[in-house]
file start16.txt (compact mmCIF, C-alpha atoms)
# COMPACT_ATOMS: atom_id res chain seq x y z
CA MET Y 384 92.27 229.75 -102.11
CA PHE Y 385 96.02 229.20 -101.70
CA LYS Y 386 95.49 227.94 -98.18
CA LYS Y 387 92.82 225.53 -99.42
CA CYS Y 388 95.19 224.16 -102.09
CA ILE Y 389 97.90 223.59 -99.49
CA TRP Y 390 95.42 221.71 -97.29
CA ILE Y 391 94.26 219.55 -100.21
CA ILE Y 392 97.86 218.71 -101.14
CA LEU Y 393 98.69 217.85 -97.53
CA VAL Y 394 95.64 215.61 -97.15
CA CYS Y 395 96.44 213.86 -100.47
CA LEU Y 396 100.07 213.39 -99.41
CA ILE Y 397 99.09 211.89 -96.06
CA ALA Y 398 96.53 209.63 -97.78
CA TYR Y 399 99.19 208.55 -100.30
CA LEU Y 400 101.76 207.80 -97.59
CA GLY Y 401 99.15 205.86 -95.62
CA LEU Y 402 98.25 203.83 -98.69
CA TYR Y 403 101.92 203.25 -99.53
CA THR Y 404 102.75 202.06 -96.00
CA TRP Y 405 99.68 199.82 -95.83
CA ASN Y 406 100.63 198.24 -99.17
CA TRP Y 407 104.27 197.86 -98.06
CA LYS Y 408 103.04 195.70 -95.17
CA THR Y 409 100.28 193.76 -96.90
CA HIS Y 410 101.37 193.79 -100.62
CA TYR Y 411 97.67 193.81 -101.41
CA LEU Y 412 97.94 196.49 -104.12
CA ASP Y 413 101.07 194.83 -105.57
CA ARG Y 414 99.14 191.58 -106.02
CA LEU Y 415 96.16 193.44 -107.45
CA ALA Y 416 98.40 195.33 -109.88
CA ALA Y 417 100.14 192.10 -110.96
CA ASN Y 418 96.82 190.32 -111.46
CA THR Y 419 95.46 193.18 -113.59
CA GLY Y 420 98.36 195.10 -115.12
CA LEU Y 421 100.80 192.27 -115.81
CA GLU Y 422 97.95 190.13 -117.11
CA ALA Y 423 96.68 192.89 -119.44
CA VAL Y 424 100.16 193.69 -120.80
CA GLY Y 425 100.80 189.98 -121.37
CA TRP Y 426 97.65 189.68 -123.43
CA ILE Y 427 98.59 192.82 -125.40
CA LEU Y 428 102.11 191.58 -126.17
CA LYS Y 429 101.34 187.91 -126.89
CA PRO Y 430 99.20 188.37 -130.06
CA GLY Y 431 101.57 191.10 -131.24
CA ASN Y 432 104.52 188.74 -130.96
CA TYR Y 433 102.58 186.14 -132.94
CA VAL Y 434 101.80 188.69 -135.68
CA LEU Y 435 105.45 189.84 -135.73
CA ASP Y 436 106.63 186.25 -136.06
CA ARG Y 437 104.20 185.58 -138.91
CA GLY Y 438 105.11 188.87 -140.60
CA THR Y 439 108.81 188.06 -140.49
CA LYS Y 440 108.17 184.64 -142.02
CA LEU Y 441 106.02 186.23 -144.73
CA TRP Y 442 108.74 188.75 -145.44
CA ASN Y 443 111.37 186.02 -145.74
CA ARG Y 444 109.23 183.92 -148.04
CA TYR Y 445 107.63 186.36 -150.43
CA LEU Y 446 108.72 189.96 -150.30
CA TYR Y 447 112.07 189.73 -152.03
CA LEU Y 448 110.30 188.29 -155.11
CA VAL Y 449 108.86 191.74 -155.89
CA ASP Y 450 111.93 192.99 -157.80
CA VAL Y 451 112.24 190.03 -160.14
CA ARG Y 452 112.43 191.19 -163.71
CA ARG Y 453 109.67 190.08 -166.10
CA GLU Y 454 111.76 188.50 -168.91
CA ASN Y 455 113.41 185.87 -166.74
CA GLU Y 456 110.56 185.78 -164.26
CA ARG Y 457 109.99 182.08 -164.36
CA LEU Y 458 113.65 181.19 -163.81
CA LYS Y 459 114.25 183.75 -161.15
CA GLU Y 460 111.01 182.86 -159.44
CA ARG Y 461 112.10 179.26 -159.31
CA LEU Y 462 115.50 180.24 -157.99
CA ASP Y 463 113.95 182.48 -155.38
CA ARG Y 464 111.53 179.78 -154.37
CA ILE Y 465 114.44 177.41 -153.85
CA ARG Y 466 116.26 180.09 -151.87
CA SER Y 467 113.15 180.70 -149.84
CA ASP Y 468 112.78 176.99 -149.18
CA VAL Y 469 116.43 176.74 -148.16
CA HIS Y 470 116.01 179.73 -145.88
CA GLU Y 471 112.89 178.27 -144.36
CA LEU Y 472 114.51 174.86 -144.00
CA ARG Y 473 117.51 176.42 -142.29
CA ALA Y 474 115.20 178.23 -139.89
CA THR Y 475 113.29 175.00 -139.30
CA ALA Y 476 116.55 173.10 -138.77
CA ARG Y 477 117.71 175.70 -136.25
CA GLU Y 478 114.37 175.53 -134.48
CA ALA Y 479 114.45 171.70 -134.53
CA ALA Y 480 117.95 171.71 -133.03
CA ARG Y 481 116.81 174.11 -130.32
CA LEU Y 482 113.70 172.06 -129.59
CA ARG Y 483 115.71 168.81 -129.59
CA GLU Y 484 118.00 170.39 -127.02
CA LEU Y 485 114.99 171.39 -124.97
CA LEU Y 486 113.48 167.90 -125.20
CA GLY Y 487 116.76 166.28 -124.22
CA PHE Y 488 117.00 168.46 -121.15
CA ASP Y 489 116.72 166.42 -117.97
CA SER Y 490 115.31 168.18 -114.97
CA PRO Y 491 117.31 167.70 -111.77
CA SER Y 492 116.07 164.86 -109.56
CA GLY Y 493 113.16 165.85 -107.36
CA TRP Y 494 112.37 168.86 -109.56
CA GLU Y 495 109.58 169.21 -112.10
CA ARG Y 496 109.98 171.40 -115.18
CA GLN Y 497 107.52 173.44 -117.19
CA GLY Y 498 108.28 175.10 -120.53
CA ALA Y 499 107.46 178.79 -121.03
CA ARG Y 500 107.83 181.27 -123.87
CA ILE Y 501 109.23 184.78 -123.41
CA VAL Y 502 106.62 187.31 -124.55
CA GLY Y 503 108.07 190.60 -123.31
CA HIS Y 504 110.92 192.41 -121.62
CA LYS Y 505 111.18 195.05 -118.93
CA LEU Y 506 108.76 197.83 -119.68
CA GLY Y 507 107.38 201.06 -118.32
CA ILE Y 508 108.91 203.73 -116.13
CA THR Y 509 108.93 201.56 -113.01
CA GLY Y 510 110.26 198.55 -114.93
CA ILE Y 511 113.82 199.25 -113.90
CA LEU Y 512 114.94 195.76 -112.95
CA GLU Y 513 116.35 193.32 -115.51
CA THR Y 514 113.27 191.22 -116.17
CA VAL Y 515 111.42 189.30 -118.88
CA ILE Y 516 107.75 188.30 -119.08
CA VAL Y 517 106.88 184.63 -119.71
CA ASP Y 518 103.52 183.15 -120.69
CA LYS Y 519 103.00 180.96 -117.61
CA GLY Y 520 101.31 182.18 -114.44
CA SER Y 521 99.59 181.09 -111.26
CA ALA Y 522 96.95 179.24 -113.31
CA HIS Y 523 99.82 176.95 -114.46
CA GLY Y 524 101.07 176.48 -110.90
CA VAL Y 525 103.85 179.06 -111.08
CA ARG Y 526 104.83 180.70 -107.79
CA ARG Y 527 107.19 183.46 -106.72
CA ASP Y 528 110.90 182.52 -106.40
CA GLN Y 529 110.72 179.41 -108.60
CA PRO Y 530 114.00 178.94 -110.55
CA VAL Y 531 113.99 179.69 -114.28
CA VAL Y 532 116.59 177.89 -116.40
CA CYS Y 533 117.39 176.92 -119.99
CA PRO Y 534 119.67 174.16 -121.32
CA ALA Y 535 122.66 176.57 -121.30
CA GLY Y 536 122.30 177.53 -117.64
CA VAL Y 537 120.43 179.53 -115.03
CA VAL Y 538 118.28 182.43 -116.28
CA GLY Y 539 116.80 183.83 -113.06
CA ARG Y 540 113.84 183.37 -110.74
CA ILE Y 541 110.13 184.19 -110.75
CA TYR Y 542 109.59 187.69 -109.35
CA LYS Y 543 105.92 188.51 -109.95
CA VAL Y 544 102.99 186.29 -110.90
CA SER Y 545 99.63 186.99 -112.55
CA PRO Y 546 97.09 184.33 -113.59
CA HIS Y 547 98.60 183.66 -117.04
CA PHE Y 548 101.93 185.52 -117.10
CA SER Y 549 104.94 185.91 -114.82
CA GLN Y 550 107.86 188.26 -114.53
CA VAL Y 551 111.33 186.68 -114.27
CA LEU Y 552 114.09 188.55 -112.43
CA LEU Y 553 117.22 187.84 -114.47
CA LEU Y 554 120.52 186.82 -112.95
CA SER Y 555 122.12 189.89 -114.54
CA ASP Y 556 120.13 192.24 -112.29
CA PRO Y 557 122.08 193.78 -109.38
CA ASN Y 558 119.37 192.59 -106.99
CA SER Y 559 119.93 188.91 -107.94
CA ARG Y 560 122.12 186.94 -105.56
CA LEU Y 561 122.89 183.28 -106.17
CA PRO Y 562 125.05 180.90 -104.08
CA VAL Y 563 127.52 179.22 -106.46
CA ILE Y 564 130.37 176.72 -106.33
CA SER Y 565 133.24 176.31 -108.79
CA ARG Y 566 133.16 173.06 -110.77
CA LYS Y 567 136.85 172.12 -110.43
CA HIS Y 568 138.07 173.55 -107.11
CA ARG Y 569 134.70 173.54 -105.29
CA VAL Y 570 135.15 177.13 -104.06
CA GLN Y 571 131.91 178.54 -102.70
CA SER Y 572 130.84 182.13 -103.32
CA ILE Y 573 127.89 184.37 -104.11
CA ALA Y 574 127.28 185.53 -107.69
CA SER Y 575 125.50 188.84 -108.21
CA GLY Y 576 124.48 190.68 -111.36
CA GLN Y 577 125.67 194.13 -112.47
CA GLY Y 578 123.37 194.88 -115.39
CA SER Y 579 122.52 193.39 -118.76
CA ASP Y 580 125.81 194.16 -120.52
CA SER Y 581 128.12 193.63 -117.56
CA PRO Y 582 129.72 190.46 -116.17
CA LEU Y 583 128.61 188.91 -112.89
CA ASN Y 584 130.46 189.70 -109.67
CA VAL Y 585 131.62 186.57 -107.86
CA ASN Y 586 131.83 187.71 -104.24
CA TYR Y 587 133.49 186.42 -101.07
CA VAL Y 588 136.19 184.27 -102.71
CA PRO Y 589 139.03 184.11 -100.11
CA LEU Y 590 142.50 185.27 -101.20
CA ASN Y 591 143.99 181.79 -100.83
CA ALA Y 592 141.16 179.98 -102.63
CA PRO Y 593 142.27 178.24 -105.86
CA LEU Y 594 140.25 179.38 -108.85
CA ASP Y 595 141.07 179.21 -112.57
CA ASN Y 596 140.16 181.51 -115.44
CA GLY Y 597 137.55 179.80 -117.58
CA GLU Y 598 136.27 177.67 -114.69
CA ILE Y 599 132.52 177.12 -114.65
CA MET Y 600 130.50 178.23 -111.64
CA LEU Y 601 127.56 175.98 -110.68
CA THR Y 602 124.62 176.51 -108.37
CA SER Y 603 125.57 175.28 -104.91
CA GLY Y 604 122.01 174.44 -103.89
CA LEU Y 605 122.32 176.43 -100.65
CA ALA Y 606 119.07 178.07 -99.55
CA GLY Y 607 117.19 175.45 -101.53
CA VAL Y 608 115.79 177.84 -104.12
CA PHE Y 609 117.88 176.51 -107.05
CA PRO Y 610 118.79 172.86 -107.71
CA LYS Y 611 122.44 171.94 -107.06
CA GLY Y 612 125.01 171.62 -109.86
CA TYR Y 613 123.36 173.76 -112.49
CA PRO Y 614 125.76 175.86 -114.69
CA VAL Y 615 125.62 179.61 -114.09
CA ALA Y 616 128.69 181.46 -115.44
CA ARG Y 617 132.29 181.16 -116.66
CA ILE Y 618 135.12 182.93 -114.80
CA THR Y 619 136.66 185.60 -117.03
CA ASP Y 620 138.76 187.74 -114.71
CA ILE Y 621 140.50 187.11 -111.37
CA GLN Y 622 142.36 189.86 -109.51
CA ILE Y 623 144.05 189.76 -106.13
CA SER Y 624 143.01 192.78 -104.14
CA GLU Y 625 145.54 194.53 -101.89
CA VAL Y 626 142.92 196.12 -99.68
CA SER Y 627 140.35 193.35 -99.40
CA LEU Y 628 140.26 189.90 -97.80
CA PHE Y 629 138.65 188.53 -100.95
CA GLN Y 630 139.63 188.10 -104.59
CA VAL Y 631 137.94 190.30 -107.20
CA VAL Y 632 136.34 187.80 -109.58
CA ARG Y 633 134.20 188.47 -112.66
CA ALA Y 634 132.26 185.88 -114.66
CA GLU Y 635 130.23 185.93 -117.85
CA LEU Y 636 126.74 184.45 -117.92
CA LEU Y 637 126.40 181.24 -119.90
CA VAL Y 638 122.93 182.24 -121.09
CA HIS Y 639 122.51 184.90 -123.79
CA ILE Y 640 119.32 186.45 -122.52
CA ARG Y 641 118.64 188.60 -125.60
CA SER Y 642 118.52 185.60 -127.95
CA LEU Y 643 116.46 183.49 -125.57
CA GLU Y 644 112.94 182.51 -126.68
CA GLU Y 645 111.96 179.61 -124.41
CA VAL Y 646 112.81 178.79 -120.81
CA PHE Y 647 112.00 176.16 -118.19
CA ILE Y 648 110.39 176.97 -114.87
CA LEU Y 649 111.51 174.45 -112.25
CA ASN Y 650 109.38 173.39 -109.32
CA ASN Y 651 110.37 171.36 -106.30
CA PRO Y 652 107.17 169.84 -104.85
CA ASP Y 653 108.78 169.74 -101.37
CA ASN Y 654 109.52 173.48 -101.52
CA SER Y 655 105.98 174.17 -102.75
CA GLU Y 656 104.49 172.27 -99.80
CA LYS Y 657 106.71 174.15 -97.35
CA ARG Y 658 105.79 177.48 -98.93
CA GLU Y 659 102.08 176.65 -98.87
CA MET Y 660 102.39 175.78 -95.18
CA LEU Y 661 104.20 179.08 -94.51
CA ASP Y 662 101.60 181.03 -96.52
CA SER Y 663 98.76 179.43 -94.58
CA GLY Y 664 100.56 180.11 -91.30
CA GLY Y 665 100.94 176.39 -90.52
CA MET Q 519 82.53 206.07 -127.43
CA ARG Q 520 85.15 207.49 -129.77
CA LEU Q 521 87.15 208.73 -126.82
CA ALA Q 522 87.06 205.26 -125.26
CA CYS Q 523 88.28 203.72 -128.55
CA PHE Q 524 90.99 206.37 -128.76
CA LEU Q 525 92.15 205.58 -125.21
CA ILE Q 526 92.24 201.83 -125.94
CA ILE Q 527 94.34 202.41 -129.07
CA VAL Q 528 96.64 204.75 -127.12
CA THR Q 529 97.03 202.09 -124.42
CA LEU Q 530 97.96 199.39 -126.97
CA LEU Q 531 100.40 201.72 -128.76
CA ALA Q 532 101.97 202.87 -125.49
CA VAL Q 533 102.55 199.29 -124.29
CA TRP Q 534 104.35 198.45 -127.54
CA VAL Q 535 106.43 201.65 -127.41
CA GLU Q 536 107.45 200.75 -123.85
CA GLU Q 537 108.31 197.21 -124.97
CA ALA Q 538 110.53 198.69 -127.72
CA PHE Q 539 112.33 201.20 -125.46
CA ALA Q 540 113.32 199.94 -122.01
CA GLU Q 541 112.76 202.27 -119.03
CA VAL Q 542 110.76 204.68 -121.20
CA GLY Q 543 107.20 205.77 -120.39
CA ALA Q 544 104.57 206.40 -123.06
CA PHE Q 545 101.41 207.33 -121.15
CA ALA Q 546 102.18 210.86 -119.93
CA PRO Q 547 101.59 212.59 -123.33
CA ALA Q 548 98.11 211.03 -123.60
CA PHE Q 549 97.38 212.09 -120.03
CA LEU Q 550 98.51 215.63 -120.82
CA LEU Q 551 96.32 215.63 -123.94
CA LEU Q 552 93.25 214.72 -121.88
CA LEU Q 553 93.99 217.47 -119.37
CA GLN Q 554 94.60 220.00 -122.15
CA ASN Q 555 91.21 219.19 -123.65
CA GLU Q 556 89.49 219.46 -120.27
CA ARG Q 557 88.54 215.76 -120.18
CA VAL Q 558 88.99 215.56 -116.45
CA GLN Q 559 86.82 212.52 -115.81
CA PRO Q 560 88.43 210.34 -118.52
CA ALA Q 561 91.81 211.58 -117.28
CA ALA Q 562 90.98 210.40 -113.75
CA TRP Q 563 89.82 206.98 -115.00
CA SER Q 564 92.87 206.68 -117.25
CA LEU Q 565 95.11 207.56 -114.30
CA ILE Q 566 93.69 204.60 -112.37
CA GLY Q 567 93.80 202.18 -115.32
CA TRP Q 568 97.28 203.15 -116.51
CA THR Q 569 98.58 203.13 -112.94
CA PHE Q 570 97.54 199.50 -112.47
CA LEU Q 571 98.86 198.57 -115.92
CA GLN Q 572 102.26 200.09 -115.23
CA GLU Q 573 102.54 199.02 -111.62
CA GLY Q 574 101.62 195.47 -112.55
CA VAL Q 575 104.36 195.20 -115.10
CA GLY Q 576 106.87 197.33 -113.18
CA SER Q 577 109.45 196.12 -110.69
CA LEU Q 578 108.79 198.46 -107.78
CA ALA Q 579 106.22 198.32 -104.99
CA PHE Q 580 102.92 200.02 -105.76
CA GLY Q 581 102.92 203.82 -105.72
CA GLY Q 582 105.48 205.11 -108.22
CA MET Q 583 103.22 205.48 -111.24
CA PHE Q 584 100.44 207.02 -109.16
CA LEU Q 585 102.87 209.56 -107.74
CA PHE Q 586 104.22 210.30 -111.22
CA LEU Q 587 100.85 210.93 -112.91
CA SER Q 588 99.54 212.88 -109.91
CA GLY Q 589 102.66 215.06 -110.05
CA VAL Q 590 102.11 215.71 -113.77
CA TRP Q 591 98.48 216.62 -113.03
CA MET Q 592 99.50 219.04 -110.26
CA PHE Q 593 102.16 220.66 -112.42
CA PHE Q 594 99.64 221.05 -115.23
CA TYR Q 595 97.05 222.52 -112.87
CA ALA Q 596 99.54 225.00 -111.37
CA GLY Q 597 100.93 225.91 -114.79
CA SER Q 598 97.51 226.41 -116.36
CA ARG Q 599 96.83 229.20 -113.85
CA LEU Q 600 99.78 231.11 -115.29
CA PHE Q 601 99.76 230.06 -118.97
CA GLU Q 602 97.26 229.18 -121.68
CA ARG Q 603 96.67 225.43 -121.48
CA ASP Q 604 96.56 225.11 -125.30
CA ASN Q 605 99.90 226.82 -125.75
CA ILE Q 606 102.38 224.51 -127.44
CA PHE Q 607 105.27 225.83 -125.31
CA PHE Q 608 103.30 225.12 -122.16
CA ALA Q 609 102.64 221.56 -123.37
CA GLY Q 610 106.37 221.25 -124.14
CA SER Q 611 107.30 222.45 -120.66
CA VAL Q 612 104.90 219.93 -119.08
CA LEU Q 613 106.57 217.15 -121.11
CA VAL Q 614 110.04 218.32 -120.03
CA PHE Q 615 108.82 218.33 -116.43
CA SER Q 616 107.33 214.84 -116.93
CA ALA Q 617 110.62 213.44 -118.21
CA PHE Q 618 112.45 215.00 -115.24
CA TRP Q 619 109.78 214.05 -112.68
CA GLN Q 620 109.76 210.47 -113.90
CA ARG Q 621 113.49 210.12 -113.15
CA MET Q 622 112.94 211.72 -109.76
CA VAL Q 623 110.10 209.34 -108.86
CA VAL Q 624 112.12 206.27 -109.88
CA TRP Q 625 115.16 207.56 -107.98
CA MET Q 626 113.04 208.21 -104.88
CA MET Q 627 111.24 204.88 -105.04
CA THR Q 628 114.39 202.80 -105.57
CA GLY Q 629 116.01 204.62 -102.65
CA LEU Q 630 112.97 204.08 -100.46
CA GLN Q 631 112.74 200.38 -101.33
CA ASP Q 632 116.52 199.77 -101.17
CA ILE Q 633 116.74 198.51 -104.75
CA SER Q 634 119.98 198.59 -106.75
CA VAL Q 635 119.58 199.79 -110.32
CA ALA Q 636 121.82 199.15 -113.31
CA SER Q 637 120.44 201.58 -115.84
CA SER Q 638 120.82 200.49 -119.45
CA SER Q 639 121.41 204.10 -120.50
CA GLY Q 640 123.13 207.08 -118.87
CA VAL Q 641 121.15 209.61 -116.84
CA ALA Q 642 121.37 212.39 -119.46
CA SER Q 643 120.85 210.16 -122.50
CA GLY Q 644 117.95 208.44 -120.74
CA PHE Q 645 116.34 211.82 -120.05
CA PHE Q 646 116.71 212.99 -123.66
CA LEU Q 647 115.45 209.69 -125.06
CA GLN Q 648 112.42 209.94 -122.79
CA LEU Q 649 111.82 213.55 -123.84
CA ALA Q 650 112.11 212.68 -127.54
CA VAL Q 651 109.63 209.80 -127.12
CA TYR Q 652 107.23 212.07 -125.21
CA LEU Q 653 107.36 214.80 -127.88
CA PHE Q 654 106.95 212.31 -130.72
CA LEU Q 655 104.04 210.55 -129.02
CA PHE Q 656 102.37 213.84 -128.12
CA ILE Q 657 102.34 214.79 -131.80
CA ILE Q 658 100.93 211.38 -132.75
CA TYR Q 659 98.33 211.34 -129.98
CA SER Q 660 97.17 214.93 -130.56
CA THR Q 661 96.86 214.34 -134.33
CA GLY Q 662 94.73 211.26 -133.68
CA PHE Q 663 92.71 213.00 -130.97
CA ASN Q 664 91.93 216.06 -133.11
CA ARG Q 665 90.94 213.88 -136.05
CA PHE Q 666 88.85 211.15 -134.39
CA VAL Q 667 87.54 212.50 -131.11
CA PRO Q 668 84.76 215.09 -131.45
CA GLY Q 669 85.17 218.40 -129.57
CA LYS Q 670 83.49 218.95 -126.26

call {"tool": "encode", "arguments": {"input": "start16.txt", "output": "structure tokens"}}
result
Amino acid sequence: MFKKCIWIILVCLIAYLGLYTWNWKTHYLDRLAANTGLEAVGWILKPGNYVLDRGTKLWNRYLYLVDVRRENERLKERLDRIRSDVHELRATAREAARLRELLGFDSPSGWERQGARIVGHKLGITGILETVIVDKGSAHGVRRDQPVVCPAGVVGRIYKVSPHFSQVLLLSDPNSRLPVISRKHRVQSIASGQGSDSPLNVNYVPLNAPLDNGEIMLTSGLAGVFPKGYPVARITDIQISEVSLFQVVRAELLVHIRSLEEVFILNNPDNSEKREMLDSGG
Amino acid sequence: MRLACFLIIVTLLAVWVEEAFAEVGAFAPAFLLLLQNERVQPAAWSLIGWTFLQEGVGSLAFGGMFLFLSGVWMFFYAGSRLFERDNIFFAGSVLVFSAFWQRMVVWMMTGLQDISVASSSGVASGFFLQLAVYLFLFIIYSTGFNRFVPGK
């Protein structure tokens, strides 16, 4: 019996390793999982977010009226209604300002933009990278590696795509690397994330390169994935290393990911054509 | 039919729990509950469904979730030859193993795929948070299961 169990475990292990290796080469199961799992989770989270949003609005508008005393009910009710209106108007004004900012956003020349709403964050035991889920997928023309931005700056790039939802790898993730250039001194470097609550590392800045605290780092456009000249981060700390050939530079992201609700997915039609040609082996 | 409804509700709840707590799993207690109640076939189907759900939304290449749930199943199978499967302490030990095994699987997979990880919580606090979520969900799931799903 024991021998049989050992054999079964060995066969299962070999089958698993075979499957894992085959998927590593073909990514067939990854695509299948994204098209089923990511899609299903997106559809679970999207209506929930809508209900949460509605519930919060309902709470703001009505619930605090419950404790109004009876004798001055009419007056207090009126006062509360005015407060509620003011609260709602403030929320609307904030939303209008945000939307106006979004509408006024010009996409870089040669790039097309597409608005998307964030419906979820990293989730599950294998969801260890800094990611968010947006409600645009391959059915909307979204492809892997497309840049994701907002009016404040760069957010990240598309990592995984399902028919109606996509996963965005945020710039704050340690696996994100982005070629950047400083706005004032035009010093080129590579920005990499260190986690959601940590500043970005700005790597490979030579010791003699001029760089100021507070200087804005922009996308350099190298590699062609991101458009050139888009704001990324602000330099917060510069140290001269005694043991390295490069300066130790830290920068804070210009985008507050946690308060972000909408983003833009950028698409360069030239890049798309090239990628389609590569995919088709042309 | 009731079991299917129960599993759908569990799936919805688990997705929302995972959305609320980053890097925390919520499916293992339901899987353990199915094994405890000798629902082997639904457990096998759930393993496939939940694997695709988690792998689809996860950041690693396919295989981690499958390895994790298979490991929990094997631990349960080996343990049930030594202990009573209904024993609450046995269930607790399976959940402790699950929380530990989950970290191991993620550590192995990130190493294998050369992925850098910036964990939002420390190793120990992450483990205890996961364990607390598992225990809490196991109580919720088993209460619902005993109330709504008829016995075999």

call {"tool": "interface_residues", "arguments": {"input": "start16.txt", "of": "chain Q", "to": "chain Y", "cutoff": "9 Å", "atoms": "only C-alpha atoms", "output": "number ranges by chain"}}
result
Q: 530, 533-544, 567-583, 585, 620-621, 623-624, 627, 633-638

call {"tool": "atom_distance", "arguments": {"input": "start16.txt", "atom1": "atom CA of Y:Lys440", "atom2": "atom CA of Y:Asp463"}}
result
14.7 Å

call {"tool": "residues_around", "arguments": {"input": "start16.txt", "residues": "Y:Ile599", "least_positions_apart": "2", "cutoff": "12 Å", "atoms": "all atoms listed in the file", "output": "PDB file with C-alpha atoms, in the frame of the given file"}}
result
ATOM      1  CA  ALA Y 535     122.660 176.570-121.300  1.00  0.00           C
ATOM      2  CA  GLY Y 536     122.300 177.530-117.640  1.00  0.00           C
ATOM      3  CA  VAL Y 563     127.520 179.220-106.460  1.00  0.00           C
ATOM      4  CA  ILE Y 564     130.370 176.720-106.330  1.00  0.00           C
ATOM      5  CA  SER Y 565     133.240 176.310-108.790  1.00  0.00           C
ATOM      6  CA  ARG Y 566     133.160 173.060-110.770  1.00  0.00           C
ATOM      7  CA  LYS Y 567     136.850 172.120-110.430  1.00  0.00           C
ATOM      8  CA  HIS Y 568     138.070 173.550-107.110  1.00  0.00           C
ATOM      9  CA  ARG Y 569     134.700 173.540-105.290  1.00  0.00           C
ATOM     10  CA  VAL Y 570     135.150 177.130-104.060  1.00  0.00           C
ATOM     11  CA  VAL Y 585     131.620 186.570-107.860  1.00  0.00           C
ATOM     12  CA  LEU Y 594     140.250 179.380-108.850  1.00  0.00           C
ATOM     13  CA  ASP Y 595     141.070 179.210-112.570  1.00  0.00           C
ATOM     14  CA  ASN Y 596     140.160 181.510-115.440  1.00  0.00           C
ATOM     15  CA  GLY Y 597     137.550 179.800-117.580  1.00  0.00           C
ATOM     16  CA  LEU Y 601     127.560 175.980-110.680  1.00  0.00           C
ATOM     17  CA  THR Y 602     124.620 176.510-108.370  1.00  0.00           C
ATOM     18  CA  GLY Y 612     125.010 171.620-109.860  1.00  0.00           C
ATOM     19  CA  TYR Y 613     123.360 173.760-112.490  1.00  0.00           C
ATOM     20  CA  PRO Y 614     125.760 175.860-114.690  1.00  0.00           C
ATOM     21  CA  VAL Y 615     125.620 179.610-114.090  1.00  0.00           C
ATOM     22  CA  ALA Y 616     128.690 181.460-115.440  1.00  0.00           C
ATOM     23  CA  ARG Y 617     132.290 181.160-116.660  1.00  0.00           C
ATOM     24  CA  ILE Y 618     135.120 182.930-114.800  1.00  0.00           C
ATOM     25  CA  THR Y 619     136.660 185.600-117.030  1.00  0.00           C
ATOM     26  CA  ARG Y 633     134.200 188.470-112.660  1.00  0.00           C
ATOM     27  CA  ALA Y 634     132.260 185.880-114.660  1.00  0.00           C
ATOM     28  CA  GLU Y 635     130.230 185.930-117.850  1.00  0.00           C
ATOM     29  CA  LEU Y 636     126.740 184.450-117.920  1.00  0.00           C
ATOM     30  CA  LEU Y 637     126.400 181.240-119.900  1.00  0.00           C
TER      31      LEU Y 637
END

call {"tool": "atom_distance", "arguments": {"input": "start16.txt", "atom1": "atom CA of Y:Val588", "atom2": "atom CA of Y:Ala574"}}
result
10.3 Å

call {"tool": "closest_residue", "arguments": {"input": "start16.txt", "among": "Y:Arg461, Y:Ala499, Y:Pro562, Y:Ile621", "to": "Y:Ala592", "atoms": "only C-alpha atoms"}}
result
Y:Ile621

call {"tool": "residues_around", "arguments": {"input": "start16.txt", "residues": "stretch 656-660 of chain Q", "least_positions_apart": "4", "cutoff": "10 Å", "atoms": "all atoms listed in the file", "output": "ChimeraX atom specification"}}
result
/Q:524-525,527-528,531,544-552,609-610,613,650-652,664-667

call {"tool": "write_last_selection", "arguments": {"input": "start16.txt", "atoms": "C-alpha atoms", "output": "PDB file, in the frame of the given file"}}
result
ATOM      1  CA  PHE Q 524      90.990 206.370-128.760  1.00  0.00           C
ATOM      2  CA  LEU Q 525      92.150 205.580-125.210  1.00  0.00           C
ATOM      3  CA  ILE Q 527      94.340 202.410-129.070  1.00  0.00           C
ATOM      4  CA  VAL Q 528      96.640 204.750-127.120  1.00  0.00           C
ATOM      5  CA  LEU Q 531     100.400 201.720-128.760  1.00  0.00           C
ATOM      6  CA  ALA Q 544     104.570 206.400-123.060  1.00  0.00           C
ATOM      7  CA  PHE Q 545     101.410 207.330-121.150  1.00  0.00           C
ATOM      8  CA  ALA Q 546     102.180 210.860-119.930  1.00  0.00           C
ATOM      9  CA  PRO Q 547     101.590 212.590-123.330  1.00  0.00           C
ATOM     10  CA  ALA Q 548      98.110 211.030-123.600  1.00  0.00           C
ATOM     11  CA  PHE Q 549      97.380 212.090-120.030  1.00  0.00           C
ATOM     12  CA  LEU Q 550      98.510 215.630-120.820  1.00  0.00           C
ATOM     13  CA  LEU Q 551      96.320 215.630-123.940  1.00  0.00           C
ATOM     14  CA  LEU Q 552      93.250 214.720-121.880  1.00  0.00           C
ATOM     15  CA  ALA Q 609     102.640 221.560-123.370  1.00  0.00           C
ATOM     16  CA  GLY Q 610     106.370 221.250-124.140  1.00  0.00           C
ATOM     17  CA  LEU Q 613     106.570 217.150-121.110  1.00  0.00           C
ATOM     18  CA  ALA Q 650     112.110 212.680-127.540  1.00  0.00           C
ATOM     19  CA  VAL Q 651     109.630 209.800-127.120  1.00  0.00           C
ATOM     20  CA  TYR Q 652     107.230 212.070-125.210  1.00  0.00           C
ATOM     21  CA  ASN Q 664      91.930 216.060-133.110  1.00  0.00           C
ATOM     22  CA  ARG Q 665      90.940 213.880-136.050  1.00  0.00           C
ATOM     23  CA  PHE Q 666      88.850 211.150-134.390  1.00  0.00           C
ATOM     24  CA  VAL Q 667      87.540 212.500-131.110  1.00  0.00           C
TER      25      VAL Q 667
END
